[in-house]
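J.: Dumping the structure here so I can ask a few things about it.
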Amino acid sequence: MSNFGEMELDSLILRGVDKAGFKEPFPIQERAIGPLLAGSNVIGQARTGTGKTAAFGLPLLQAIDTNSNRVQALVMAPTRELAVQITNEIRKLGAYTGARLVTIYGGQSINVQIQALERGVHAVVGTPGRMIDHLKRGTLNLDSVKFVVLDEADSMLDMGFIDDVEFILDSIPASRQIALFAATMPRRIIDLSNKYMRNPERILIDSDEPSVDSLDQYYLAVEQDDKLQTLVDLLSKERPASTIIFCRTKYGAHRLARDLTRWRLNAVPIHGDLSQNQRDHSMHVFRTGSADVLVATDVASRGIDIPQVECVVNYDVPQDPLIYFHRVGRTARAGKSGKSYTFVSSEDSGDFARVMSLTKVPIRPLREQDGGRTFEVPQDSGDSWRQRRYASRPRRGYGSRNYRRRYD
């Protein structure tokens with residue numbers, strides 16, 4: 001379908017689509033909206049920035065009966081930022097429908113959320129941990145829910161939310177329709193879909209890697225102790241207008257942002273240990289250009305909605321090679337050019353080899369001394385690295401409040 005008017009959407013929803021400035025649907029929207037409107041379960045794979053929210057948001061609005069003052073739709077997201085972003089976009093699309101939405105997440109007063117729920121809402125968007133809190137308090141009733149969305153489901157499972165997600169799904173009527181969206185499709189996503197979704201339609205968009213026509217990808221062979229100086233030299237030489245730097249850990253992201261500030265670079269962090277006000281401040285100064293460097297973890301970066309980032313730096317190589325493509329997909333969007341740089345230490349060589357084995361285009365050495373390096377996938381690669389990673393992480397029940405506070 002070449003335009004939204006050809007879809008079987010309510011006229012009031014189409015008015016919201018027009019007001020939002022949507023013209024031609026993105027591929028994920030074109031392929032997912034029809035099956036969702038028809039009542040099918042859908043598994044969609046598409047990276048951030050490809051229009052996933054409208055792909056499930058428009059059918060969600062269509063499923064709501066505004067004459068019924070009950071929660072009829074539920075959207076689970078891994079982070080506060082993504083939950084707020086989803087709510088804002090669906091509200092924009094449903095501006096003329098009368099649909100009422102509320103966002104619930106940790107870090108905001110639960111009493112404010114309780115008051116909003118008591119006034120009556122049609123859809124709830126939030127993080128799994130805070131949804132569990134409301135369910136246990138009896139302030140959230142899911143008996144009338146008929147449309148459920150798991151957005152960035154791979155990130156939710158990676159954060160250890162599997163038990164919370166399953167508890168919520170088990171609290172919803174079995175007749176519900178489920179839309180599951182993720183940037184990557186690890187085995188655990190498939191297992192979850194097999195357990196809760198009947199005959200889902202699988203829609204894979206950008207399943208291998210992002211568009212690379214306008215993306216220049218480089219690597220630098222640099223040991224851990226030399227990374228900071230190398231990064232400062234790189235940013236000073238290239239002088240990108242906006243840069244996202246990815247670190248593996250919250251501590252690493254916070255420390256790197258602090259170190260870059262000491263080098264008189266305008267850097268701010270975003271990670272799960274920051275308060276909501278601190279995270280909002282970091283995003284505000286980065287979006288407005290007051291800071292030109294954002295240092296992020298993969299989890300916290302879900303939900304970052306920035307139209308164009310000039311440069312991405314992988315300060316640490318991700319253990320999951322598919323995350324590499326999710327990271328560099330933050331730049332070179334909408335036909336604009338971008339660059340990515342990956343710092344590869346001796347410890348990272350195996351992880352980087354996995355990335356190299358999946359990409360269809362060369363990741364070139366940036367400097368002469370970076371050339372000539374060989375990167376070999378460890379003999380025990382395959383899925384064993386992922387299995388070890390999850391095996392070492394203890395499973396937790398939905399009552400594990402201290403764990404949830406770290407991420408909600």
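We name chains A, B, ... following the order of the structure tokens; residues begin at 1 in each chain, and ligands are numbered from 1 as shown.
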Give me the residues within 9 Å of Thr50 in chain A as a ChimeraX atom specification, counting only C-alpha atoms and dropping any in the same chain fewer than 2 places off.

T.: /A:26-29,46-48,52-53,205

J.: Store the residues picked out above in a file with N, CA and C atoms, as a PDB file, in the first residue's frame.

T.:
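Result file follows (selection.pdb):
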ATOM      1  N   PHE A  26       6.342   3.606   6.002  1.00  0.00           N
ATOM      2  CA  PHE A  26       7.619   2.909   5.973  1.00  0.00           C
ATOM      3  C   PHE A  26       7.352   1.421   5.753  1.00  0.00           C
ATOM      4  N   PRO A  27       8.377   0.655   5.328  1.00  0.00           N
ATOM      5  CA  PRO A  27       8.165  -0.780   5.065  1.00  0.00           C
ATOM      6  C   PRO A  27       7.541  -1.542   6.226  1.00  0.00           C
ATOM      7  N   ILE A  28       7.995  -1.304   7.458  1.00  0.00           N
ATOM      8  CA  ILE A  28       7.432  -2.040   8.588  1.00  0.00           C
ATOM      9  C   ILE A  28       5.968  -1.673   8.790  1.00  0.00           C
ATOM     10  N   GLN A  29       5.598  -0.432   8.516  1.00  0.00           N
ATOM     11  CA  GLN A  29       4.205  -0.009   8.630  1.00  0.00           C
ATOM     12  C   GLN A  29       3.360  -0.629   7.521  1.00  0.00           C
ATOM     13  N   ALA A  46      12.627  -4.852  13.143  1.00  0.00           N
ATOM     14  CA  ALA A  46      13.072  -3.626  12.487  1.00  0.00           C
ATOM     15  C   ALA A  46      13.799  -2.792  13.515  1.00  0.00           C
ATOM     16  N   ARG A  47      14.860  -2.156  13.099  1.00  0.00           N
ATOM     17  CA  ARG A  47      15.652  -1.386  14.061  1.00  0.00           C
ATOM     18  C   ARG A  47      14.971  -0.073  14.395  1.00  0.00           C
ATOM     19  N   THR A  48      15.462   0.567  15.460  1.00  0.00           N
ATOM     20  CA  THR A  48      14.922   1.838  15.914  1.00  0.00           C
ATOM     21  C   THR A  48      15.002   2.876  14.800  1.00  0.00           C
ATOM     22  N   LYS A  52       8.404   1.819  13.775  1.00  0.00           N
ATOM     23  CA  LYS A  52       7.712   0.741  14.473  1.00  0.00           C
ATOM     24  C   LYS A  52       6.530   1.237  15.304  1.00  0.00           C
ATOM     25  N   THR A  53       6.677   2.417  15.927  1.00  0.00           N
ATOM     26  CA  THR A  53       5.619   2.877  16.827  1.00  0.00           C
ATOM     27  C   THR A  53       4.300   3.058  16.095  1.00  0.00           C
ATOM     28  N   ILE A 205      12.231  -6.789   8.685  1.00  0.00           N
ATOM     29  CA  ILE A 205      12.706  -5.613   7.961  1.00  0.00           C
ATOM     30  C   ILE A 205      14.108  -5.312   8.451  1.00  0.00           C
TER      31      ILE A 205
END

J.: As a compact mmCIF listing (two decimals) with N, CA and C atoms, in the first residue's frame, please: the residues near range 318-322 of chain A (cut-off 7 Å, only C-alpha atoms, same-chain neighbours under 2 positions excluded).

T.:
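This is the output file result.txt:
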# COMPACT_ATOMS: atom_id res chain seq x y z
N THR A 184 16.57 -7.21 17.13
CA THR A 184 17.24 -8.48 16.87
C THR A 184 16.32 -9.62 17.30
N ARG A 248 29.77 -0.69 27.22
CA ARG A 248 29.07 -1.91 27.64
C ARG A 248 28.37 -1.74 28.98
N ASP A 316 33.34 0.26 23.28
CA ASP A 316 33.47 -1.17 23.57
C ASP A 316 32.73 -1.94 22.48
N TYR A 324 25.80 -4.39 17.19
CA TYR A 324 26.66 -3.47 16.42
C TYR A 324 25.86 -2.74 15.36
N PHE A 325 25.03 -3.48 14.62
CA PHE A 325 24.25 -2.86 13.55
C PHE A 325 23.16 -1.95 14.11
N HIS A 326 22.64 -2.30 15.27
CA HIS A 326 21.66 -1.43 15.91
C HIS A 326 22.33 -0.11 16.31
N ASP A 351 34.85 -10.76 19.58
CA ASP A 351 33.54 -10.15 19.36
C ASP A 351 33.51 -9.37 18.06
N ARG A 354 33.08 -11.58 15.02
CA ARG A 354 31.69 -11.97 14.78
C ARG A 354 30.96 -10.88 13.98
N VAL A 355 31.23 -9.62 14.33
CA VAL A 355 30.64 -8.51 13.57
C VAL A 355 31.10 -8.56 12.13

J.: List the spatial neighbours of Ile64 in chain A as a list in words - criterion: any atom at most 10 Å away, only C-alpha atoms, same-chain residues fewer than 6 positions off excluded.

T.: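 Near neighbours after the sequence-gap exclusion: Arg70, Val71, Gln72, Ala73, Thr97, Gly98, Ala99, Arg100, His122, Ala123, Val145, Lys146 and Phe147 of chain A.
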
J.: Can those selected residues be exported to a file as a JSON list (two decimals), in the first residue's frame so that it contains N, CA and C atoms?

T.:
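Below you can see out34.json, which holds the result:
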[["chain", "number", "residue", "atom", "x", "y", "z"],
["A", 70, "ARG", "N", -12.24, 1.52, 30.19],
["A", 70, "ARG", "CA", -11.40, 0.49, 30.76],
["A", 70, "ARG", "C", -10.12, 0.37, 29.95],
["A", 71, "VAL", "N", -9.09, -0.20, 30.57],
["A", 71, "VAL", "CA", -7.81, -0.41, 29.88],
["A", 71, "VAL", "C", -7.98, -1.53, 28.86],
["A", 72, "GLN", "N", -7.79, -1.21, 27.60],
["A", 72, "GLN", "CA", -7.99, -2.18, 26.53],
["A", 72, "GLN", "C", -6.71, -2.51, 25.76],
["A", 73, "ALA", "N", -5.67, -1.71, 25.96],
["A", 73, "ALA", "CA", -4.40, -1.94, 25.26],
["A", 73, "ALA", "C", -3.25, -1.71, 26.21],
["A", 97, "THR", "N", -9.29, 10.93, 18.19],
["A", 97, "THR", "CA", -10.07, 9.73, 18.52],
["A", 97, "THR", "C", -10.69, 9.77, 19.91],
["A", 98, "GLY", "N", -10.14, 10.58, 20.79],
["A", 98, "GLY", "CA", -10.60, 10.58, 22.17],
["A", 98, "GLY", "C", -9.96, 9.51, 23.03],
["A", 99, "ALA", "N", -8.98, 8.80, 22.49],
["A", 99, "ALA", "CA", -8.30, 7.75, 23.25],
["A", 99, "ALA", "C", -7.42, 8.38, 24.33],
["A", 100, "ARG", "N", -7.50, 7.84, 25.54],
["A", 100, "ARG", "CA", -6.72, 8.34, 26.66],
["A", 100, "ARG", "C", -5.62, 7.33, 27.01],
["A", 122, "HIS", "N", -7.65, 4.29, 28.32],
["A", 122, "HIS", "CA", -7.90, 3.21, 27.36],
["A", 122, "HIS", "C", -6.65, 2.38, 27.07],
["A", 123, "ALA", "N", -5.47, 2.99, 27.25],
["A", 123, "ALA", "CA", -4.23, 2.28, 26.97],
["A", 123, "ALA", "C", -3.17, 2.67, 27.98],
["A", 145, "VAL", "N", -8.12, -6.05, 28.56],
["A", 145, "VAL", "CA", -7.06, -5.83, 27.56],
["A", 145, "VAL", "C", -7.22, -6.81, 26.41],
["A", 146, "LYS", "N", -7.20, -6.29, 25.20],
["A", 146, "LYS", "CA", -7.32, -7.13, 24.01],
["A", 146, "LYS", "C", -6.19, -6.91, 23.01],
["A", 147, "PHE", "N", -5.34, -5.92, 23.25],
["A", 147, "PHE", "CA", -4.24, -5.62, 22.33],
["A", 147, "PHE", "C", -2.99, -5.37, 23.16]]

J.: Which residues in range 168-387 of chain A does DSSP call strand (DSSP E or B)? List them as number ranges by chain.

T.: A: 177-182, 201-204, 215-221, 243-247, 267-270, 293-297, 309, 311-314, 331, 338-344, 364-365

J.: Using the selection just defined, write its residues with N, CA and C atoms as a short mmCIF file (atom, residue, chain, number, x, y, z; two decimals), in the first residue's frame.

T.:
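Result written to result-v1.cif:
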data_model
loop_
_atom_site.label_atom_id
_atom_site.label_comp_id
_atom_site.auth_asym_id
_atom_site.auth_seq_id
_atom_site.Cartn_x
_atom_site.Cartn_y
_atom_site.Cartn_z
N GLN A 177 -4.64 -10.06 21.46
CA GLN A 177 -3.80 -10.03 20.27
C GLN A 177 -2.44 -9.46 20.67
N ILE A 178 -1.36 -10.06 20.18
CA ILE A 178 -0.02 -9.64 20.59
C ILE A 178 0.79 -9.19 19.37
N ALA A 179 1.45 -8.04 19.53
CA ALA A 179 2.42 -7.57 18.54
C ALA A 179 3.77 -7.48 19.24
N LEU A 180 4.75 -8.19 18.74
CA LEU A 180 6.08 -8.22 19.33
C LEU A 180 7.06 -7.62 18.34
N PHE A 181 7.78 -6.58 18.77
CA PHE A 181 8.75 -5.92 17.90
C PHE A 181 10.11 -5.91 18.55
N ALA A 182 11.15 -6.12 17.76
CA ALA A 182 12.51 -6.16 18.29
C ALA A 182 13.49 -5.80 17.17
N GLU A 201 2.33 -13.80 12.40
CA GLU A 201 2.89 -13.43 11.09
C GLU A 201 4.24 -12.80 11.33
N ARG A 202 5.26 -13.31 10.66
CA ARG A 202 6.63 -12.83 10.86
C ARG A 202 6.98 -11.81 9.78
N ILE A 203 7.40 -10.64 10.23
CA ILE A 203 7.74 -9.55 9.31
C ILE A 203 9.15 -9.10 9.64
N LEU A 204 10.07 -9.37 8.75
CA LEU A 204 11.47 -9.06 8.99
C LEU A 204 11.90 -7.91 8.08
N LEU A 215 26.98 5.28 4.88
CA LEU A 215 27.64 5.08 6.16
C LEU A 215 29.06 4.58 5.94
N ASP A 216 30.04 5.34 6.43
CA ASP A 216 31.44 4.93 6.38
C ASP A 216 31.81 4.30 7.72
N GLN A 217 32.28 3.04 7.68
CA GLN A 217 32.58 2.30 8.91
C GLN A 217 34.08 2.04 9.02
N TYR A 218 34.62 2.37 10.19
CA TYR A 218 36.06 2.21 10.42
C TYR A 218 36.28 1.49 11.75
N TYR A 219 37.47 0.90 11.87
CA TYR A 219 37.87 0.35 13.17
C TYR A 219 39.27 0.85 13.50
N LEU A 220 39.56 0.88 14.80
CA LEU A 220 40.87 1.26 15.30
C LEU A 220 41.33 0.19 16.27
N ALA A 221 42.51 -0.36 16.04
CA ALA A 221 43.09 -1.34 16.95
C ALA A 221 43.75 -0.57 18.09
N THR A 243 27.69 13.18 18.36
CA THR A 243 28.30 11.85 18.47
C THR A 243 27.63 11.07 19.59
N ILE A 244 27.30 9.82 19.33
CA ILE A 244 26.89 8.89 20.39
C ILE A 244 28.00 7.87 20.57
N ILE A 245 28.48 7.75 21.81
CA ILE A 245 29.52 6.79 22.14
C ILE A 245 28.89 5.68 22.98
N PHE A 246 29.08 4.44 22.56
CA PHE A 246 28.47 3.30 23.25
C PHE A 246 29.49 2.57 24.12
N CYS A 247 29.09 2.32 25.37
CA CYS A 247 29.89 1.54 26.31
C CYS A 247 29.08 0.32 26.75
N ALA A 267 30.26 16.53 26.96
CA ALA A 267 29.74 15.16 26.97
C ALA A 267 28.80 14.96 28.14
N VAL A 268 27.72 14.21 27.90
CA VAL A 268 26.77 13.86 28.95
C VAL A 268 26.49 12.36 28.87
N PRO A 269 26.21 11.72 30.03
CA PRO A 269 25.92 10.29 30.02
C PRO A 269 24.43 10.01 30.03
N ILE A 270 24.06 8.81 29.60
CA ILE A 270 22.71 8.30 29.81
C ILE A 270 22.82 6.80 30.07
N VAL A 293 28.24 15.37 22.59
CA VAL A 293 28.62 13.97 22.79
C VAL A 293 27.69 13.35 23.83
N LEU A 294 27.08 12.23 23.47
CA LEU A 294 26.24 11.47 24.39
C LEU A 294 26.90 10.12 24.60
N VAL A 295 27.21 9.78 25.85
CA VAL A 295 27.83 8.50 26.17
C VAL A 295 26.74 7.59 26.74
N ALA A 296 26.48 6.48 26.09
CA ALA A 296 25.29 5.68 26.42
C ALA A 296 25.61 4.20 26.53
N THR A 297 24.77 3.52 27.30
CA THR A 297 24.73 2.07 27.27
C THR A 297 23.68 1.65 26.25
N VAL A 309 22.27 11.76 13.79
CA VAL A 309 23.51 11.75 14.54
C VAL A 309 24.64 11.60 13.53
N CYS A 311 27.87 10.90 14.00
CA CYS A 311 28.94 9.95 14.25
C CYS A 311 28.56 9.00 15.39
N VAL A 312 28.93 7.73 15.25
CA VAL A 312 28.76 6.73 16.31
C VAL A 312 30.12 6.13 16.61
N VAL A 313 30.45 6.03 17.89
CA VAL A 313 31.70 5.40 18.32
C VAL A 313 31.38 4.20 19.20
N ASN A 314 31.87 3.04 18.83
CA ASN A 314 31.77 1.85 19.66
C ASN A 314 33.02 1.80 20.54
N THR A 331 23.15 6.49 12.93
CA THR A 331 23.62 7.52 12.03
C THR A 331 23.31 7.12 10.58
N GLY A 338 26.95 9.46 7.38
CA GLY A 338 27.40 9.30 8.75
C GLY A 338 28.64 8.44 8.80
N LYS A 339 29.27 8.42 9.98
CA LYS A 339 30.48 7.62 10.17
C LYS A 339 30.37 6.85 11.47
N SER A 340 31.00 5.69 11.49
CA SER A 340 31.10 4.92 12.73
C SER A 340 32.54 4.48 12.92
N TYR A 341 32.96 4.47 14.19
CA TYR A 341 34.30 4.06 14.55
C TYR A 341 34.21 3.04 15.67
N THR A 342 34.92 1.93 15.54
CA THR A 342 34.90 0.87 16.54
C THR A 342 36.29 0.67 17.09
N PHE A 343 36.43 0.79 18.42
CA PHE A 343 37.70 0.57 19.09
C PHE A 343 37.82 -0.91 19.42
N VAL A 344 38.86 -1.56 18.90
CA VAL A 344 39.02 -3.01 19.07
C VAL A 344 40.29 -3.28 19.87
N ARG A 364 36.60 -0.67 7.44
CA ARG A 364 37.98 -0.40 7.05
C ARG A 364 38.83 0.09 8.22
N PRO A 365 40.14 -0.20 8.20
CA PRO A 365 41.03 0.37 9.22
C PRO A 365 41.13 1.88 9.03
#

J.: Please, which residues of range 96-189 of chain A, numbered as in this document, come out alpha helix (DSSP H) from DSSP, as number ranges by chain?

T.: A: 110-119, 128-137, 153-158, 162-170, 187-189

J.: Can you list, as a list in words, every protein, DNA or RNA residue that comes within 12 Å of Asp259 in chain A when you count only C-alpha atoms, leaving out same-chain residues fewer than 3 positions away?

T.: Lys227, Leu228, Gln229, Leu231, Val232, Gly252, Ala253, His254, Arg255, Leu256, Arg262, Trp263, Arg264, Leu265, Asn266, Ala267, Val268, Pro269 and Val295 of chain A

J.: Selected residues, N, CA and C atoms, written as a PDB file, in the first residue's frame, please.

T.:
ATOM      1  N   LYS A 227      42.438   3.823  25.048  1.00  0.00           N
ATOM      2  CA  LYS A 227      41.198   4.202  24.378  1.00  0.00           C
ATOM      3  C   LYS A 227      40.831   5.662  24.594  1.00  0.00           C
ATOM      4  N   LEU A 228      40.945   6.152  25.822  1.00  0.00           N
ATOM      5  CA  LEU A 228      40.511   7.521  26.112  1.00  0.00           C
ATOM      6  C   LEU A 228      41.294   8.532  25.288  1.00  0.00           C
ATOM      7  N   GLN A 229      42.623   8.431  25.303  1.00  0.00           N
ATOM      8  CA  GLN A 229      43.430   9.374  24.536  1.00  0.00           C
ATOM      9  C   GLN A 229      43.125   9.273  23.049  1.00  0.00           C
ATOM     10  N   LEU A 231      40.313   8.346  21.694  1.00  0.00           N
ATOM     11  CA  LEU A 231      38.994   8.932  21.459  1.00  0.00           C
ATOM     12  C   LEU A 231      39.072  10.454  21.435  1.00  0.00           C
ATOM     13  N   VAL A 232      39.794  11.033  22.384  1.00  0.00           N
ATOM     14  CA  VAL A 232      39.939  12.494  22.416  1.00  0.00           C
ATOM     15  C   VAL A 232      40.596  12.987  21.133  1.00  0.00           C
ATOM     16  N   GLY A 252      31.091   2.265  33.099  1.00  0.00           N
ATOM     17  CA  GLY A 252      31.990   2.711  32.045  1.00  0.00           C
ATOM     18  C   GLY A 252      31.478   3.939  31.326  1.00  0.00           C
ATOM     19  N   ALA A 253      30.160   3.985  31.079  1.00  0.00           N
ATOM     20  CA  ALA A 253      29.579   5.145  30.398  1.00  0.00           C
ATOM     21  C   ALA A 253      29.694   6.391  31.263  1.00  0.00           C
ATOM     22  N   HIS A 254      29.415   6.254  32.554  1.00  0.00           N
ATOM     23  CA  HIS A 254      29.466   7.409  33.459  1.00  0.00           C
ATOM     24  C   HIS A 254      30.896   7.928  33.590  1.00  0.00           C
ATOM     25  N   ARG A 255      31.828   7.027  33.743  1.00  0.00           N
ATOM     26  CA  ARG A 255      33.222   7.437  33.900  1.00  0.00           C
ATOM     27  C   ARG A 255      33.749   8.082  32.625  1.00  0.00           C
ATOM     28  N   LEU A 256      33.390   7.528  31.463  1.00  0.00           N
ATOM     29  CA  LEU A 256      33.888   8.093  30.210  1.00  0.00           C
ATOM     30  C   LEU A 256      33.340   9.501  29.988  1.00  0.00           C
ATOM     31  N   ARG A 262      36.442  16.436  31.485  1.00  0.00           N
ATOM     32  CA  ARG A 262      37.725  16.945  31.970  1.00  0.00           C
ATOM     33  C   ARG A 262      38.631  17.354  30.819  1.00  0.00           C
ATOM     34  N   TRP A 263      38.417  16.762  29.657  1.00  0.00           N
ATOM     35  CA  TRP A 263      39.161  17.152  28.459  1.00  0.00           C
ATOM     36  C   TRP A 263      38.463  18.304  27.730  1.00  0.00           C
ATOM     37  N   ARG A 264      37.510  18.928  28.413  1.00  0.00           N
ATOM     38  CA  ARG A 264      36.787  20.094  27.889  1.00  0.00           C
ATOM     39  C   ARG A 264      35.935  19.752  26.662  1.00  0.00           C
ATOM     40  N   LEU A 265      35.430  18.535  26.630  1.00  0.00           N
ATOM     41  CA  LEU A 265      34.467  18.137  25.603  1.00  0.00           C
ATOM     42  C   LEU A 265      33.070  18.145  26.231  1.00  0.00           C
ATOM     43  N   ASN A 266      32.087  18.609  25.488  1.00  0.00           N
ATOM     44  CA  ASN A 266      30.724  18.709  26.013  1.00  0.00           C
ATOM     45  C   ASN A 266      30.044  17.352  25.934  1.00  0.00           C
ATOM     46  N   ALA A 267      30.257  16.532  26.956  1.00  0.00           N
ATOM     47  CA  ALA A 267      29.744  15.160  26.967  1.00  0.00           C
ATOM     48  C   ALA A 267      28.799  14.957  28.138  1.00  0.00           C
ATOM     49  N   VAL A 268      27.718  14.213  27.899  1.00  0.00           N
ATOM     50  CA  VAL A 268      26.773  13.862  28.952  1.00  0.00           C
ATOM     51  C   VAL A 268      26.489  12.365  28.867  1.00  0.00           C
ATOM     52  N   PRO A 269      26.209  11.725  30.027  1.00  0.00           N
ATOM     53  CA  PRO A 269      25.922  10.286  30.017  1.00  0.00           C
ATOM     54  C   PRO A 269      24.432  10.010  30.034  1.00  0.00           C
ATOM     55  N   VAL A 295      27.207   9.785  25.849  1.00  0.00           N
ATOM     56  CA  VAL A 295      27.834   8.496  26.175  1.00  0.00           C
ATOM     57  C   VAL A 295      26.742   7.595  26.744  1.00  0.00           C
TER      58      VAL A 295
END

J.: Could you name the residues that touch Leu142 in chain A at 12 Å or less, counting only C-alpha atoms, but leaving out those on the same chain fewer than 6 positions away, as a PDB file with N, CA and C atoms, in the first residue's frame?

T.:
ATOM      1  N   ARG A  70     -12.244   1.523  30.193  1.00  0.00           N
ATOM      2  CA  ARG A  70     -11.398   0.488  30.764  1.00  0.00           C
ATOM      3  C   ARG A  70     -10.117   0.372  29.948  1.00  0.00           C
ATOM      4  N   VAL A  71      -9.086  -0.196  30.568  1.00  0.00           N
ATOM      5  CA  VAL A  71      -7.807  -0.411  29.883  1.00  0.00           C
ATOM      6  C   VAL A  71      -7.984  -1.532  28.865  1.00  0.00           C
ATOM      7  N   GLN A  72      -7.789  -1.211  27.603  1.00  0.00           N
ATOM      8  CA  GLN A  72      -7.994  -2.179  26.526  1.00  0.00           C
ATOM      9  C   GLN A  72      -6.713  -2.513  25.764  1.00  0.00           C
ATOM     10  N   ALA A  73      -5.670  -1.711  25.963  1.00  0.00           N
ATOM     11  CA  ALA A  73      -4.404  -1.939  25.259  1.00  0.00           C
ATOM     12  C   ALA A  73      -3.246  -1.709  26.213  1.00  0.00           C
ATOM     13  N   LEU A  74      -2.194  -2.487  26.010  1.00  0.00           N
ATOM     14  CA  LEU A  74      -1.029  -2.439  26.884  1.00  0.00           C
ATOM     15  C   LEU A  74       0.228  -2.466  26.028  1.00  0.00           C
ATOM     16  N   VAL A  75       1.157  -1.561  26.300  1.00  0.00           N
ATOM     17  CA  VAL A  75       2.437  -1.534  25.584  1.00  0.00           C
ATOM     18  C   VAL A  75       3.550  -1.631  26.613  1.00  0.00           C
ATOM     19  N   LEU A 117      -4.847   6.542  36.426  1.00  0.00           N
ATOM     20  CA  LEU A 117      -5.551   5.283  36.177  1.00  0.00           C
ATOM     21  C   LEU A 117      -6.971   5.330  36.732  1.00  0.00           C
ATOM     22  N   VAL A 121      -8.449   5.245  31.697  1.00  0.00           N
ATOM     23  CA  VAL A 121      -7.623   5.323  30.486  1.00  0.00           C
ATOM     24  C   VAL A 121      -7.942   4.128  29.602  1.00  0.00           C
ATOM     25  N   HIS A 122      -7.653   4.294  28.316  1.00  0.00           N
ATOM     26  CA  HIS A 122      -7.902   3.214  27.355  1.00  0.00           C
ATOM     27  C   HIS A 122      -6.651   2.383  27.066  1.00  0.00           C
ATOM     28  N   ALA A 123      -5.473   2.990  27.250  1.00  0.00           N
ATOM     29  CA  ALA A 123      -4.228   2.275  26.967  1.00  0.00           C
ATOM     30  C   ALA A 123      -3.171   2.671  27.984  1.00  0.00           C
ATOM     31  N   VAL A 124      -2.352   1.705  28.358  1.00  0.00           N
ATOM     32  CA  VAL A 124      -1.265   1.933  29.301  1.00  0.00           C
ATOM     33  C   VAL A 124       0.044   1.582  28.614  1.00  0.00           C
ATOM     34  N   MET A 131       4.570  -1.802  35.925  1.00  0.00           N
ATOM     35  CA  MET A 131       3.276  -2.454  35.693  1.00  0.00           C
ATOM     36  C   MET A 131       3.000  -3.502  36.767  1.00  0.00           C
ATOM     37  N   ILE A 132       4.030  -4.257  37.127  1.00  0.00           N
ATOM     38  CA  ILE A 132       3.875  -5.253  38.180  1.00  0.00           C
ATOM     39  C   ILE A 132       3.486  -4.580  39.495  1.00  0.00           C
ATOM     40  N   HIS A 134       1.778  -1.876  39.963  1.00  0.00           N
ATOM     41  CA  HIS A 134       0.364  -1.490  39.920  1.00  0.00           C
ATOM     42  C   HIS A 134      -0.543  -2.720  40.004  1.00  0.00           C
ATOM     43  N   LEU A 135      -0.141  -3.806  39.372  1.00  0.00           N
ATOM     44  CA  LEU A 135      -0.944  -5.021  39.447  1.00  0.00           C
ATOM     45  C   LEU A 135      -1.016  -5.531  40.881  1.00  0.00           C
ATOM     46  N   LYS A 136       0.088  -5.496  41.582  1.00  0.00           N
ATOM     47  CA  LYS A 136       0.111  -5.980  42.964  1.00  0.00           C
ATOM     48  C   LYS A 136      -0.683  -5.069  43.894  1.00  0.00           C
ATOM     49  N   VAL A 148      -1.956  -6.189  22.934  1.00  0.00           N
ATOM     50  CA  VAL A 148      -0.720  -6.115  23.722  1.00  0.00           C
ATOM     51  C   VAL A 148       0.466  -5.930  22.787  1.00  0.00           C
ATOM     52  N   PHE A 167       4.718 -12.770  33.600  1.00  0.00           N
ATOM     53  CA  PHE A 167       3.701 -12.567  34.628  1.00  0.00           C
ATOM     54  C   PHE A 167       2.591 -11.656  34.108  1.00  0.00           C
ATOM     55  N   ILE A 168       2.964 -10.591  33.402  1.00  0.00           N
ATOM     56  CA  ILE A 168       1.972  -9.665  32.852  1.00  0.00           C
ATOM     57  C   ILE A 168       1.134 -10.349  31.780  1.00  0.00           C
ATOM     58  N   LEU A 169       1.784 -11.088  30.893  1.00  0.00           N
ATOM     59  CA  LEU A 169       1.044 -11.779  29.837  1.00  0.00           C
ATOM     60  C   LEU A 169       0.082 -12.814  30.425  1.00  0.00           C
ATOM     61  N   ASP A 170       0.483 -13.458  31.505  1.00  0.00           N
ATOM     62  CA  ASP A 170      -0.385 -14.439  32.152  1.00  0.00           C
ATOM     63  C   ASP A 170      -1.565 -13.781  32.862  1.00  0.00           C
ATOM     64  N   SER A 171      -1.489 -12.448  33.078  1.00  0.00           N
ATOM     65  CA  SER A 171      -2.562 -11.717  33.758  1.00  0.00           C
ATOM     66  C   SER A 171      -3.583 -11.144  32.786  1.00  0.00           C
ATOM     67  N   ILE A 172      -3.369 -11.369  31.498  1.00  0.00           N
ATOM     68  CA  ILE A 172      -4.223 -10.795  30.457  1.00  0.00           C
ATOM     69  C   ILE A 172      -5.083 -11.905  29.852  1.00  0.00           C
ATOM     70  N   PRO A 173      -6.320 -11.623  29.468  1.00  0.00           N
ATOM     71  CA  PRO A 173      -7.176 -12.650  28.865  1.00  0.00           C
ATOM     72  C   PRO A 173      -6.493 -13.356  27.697  1.00  0.00           C
ATOM     73  N   ALA A 174      -6.742 -14.648  27.599  1.00  0.00           N
ATOM     74  CA  ALA A 174      -6.076 -15.465  26.569  1.00  0.00           C
ATOM     75  C   ALA A 174      -6.463 -15.066  25.157  1.00  0.00           C
ATOM     76  N   ARG A 176      -6.324 -12.197  23.856  1.00  0.00           N
ATOM     77  CA  ARG A 176      -5.660 -10.966  23.435  1.00  0.00           C
ATOM     78  C   ARG A 176      -4.859 -11.177  22.148  1.00  0.00           C
TER      79      ARG A 176
END

J.: Given the choices A:Val42, A:Leu260, A:Ile306, A:Val112, which gets closest to Asp151 in chain A if the distance is worked out from only C-alpha atoms?

T.: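 Ranking A:Val42, A:Leu260, A:Ile306, A:Val112 by distance to Asp151 in chain A, first place goes to A:Val42.
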
J.: In Å, with one decimal, what is the gap from CA of Asn41 in chain A to CA of Phe56 in chain A?

T.: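 That distance, rounded to one decimal, is 11.0 Å.
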
J.: To one decimal place in Å, what is the distance between CA of Leu234 in chain A and CA of Gln369 in chain A?

T.: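 Going from CA of Leu234 in chain A over to CA of Gln369 in chain A covers 14.8 Å.
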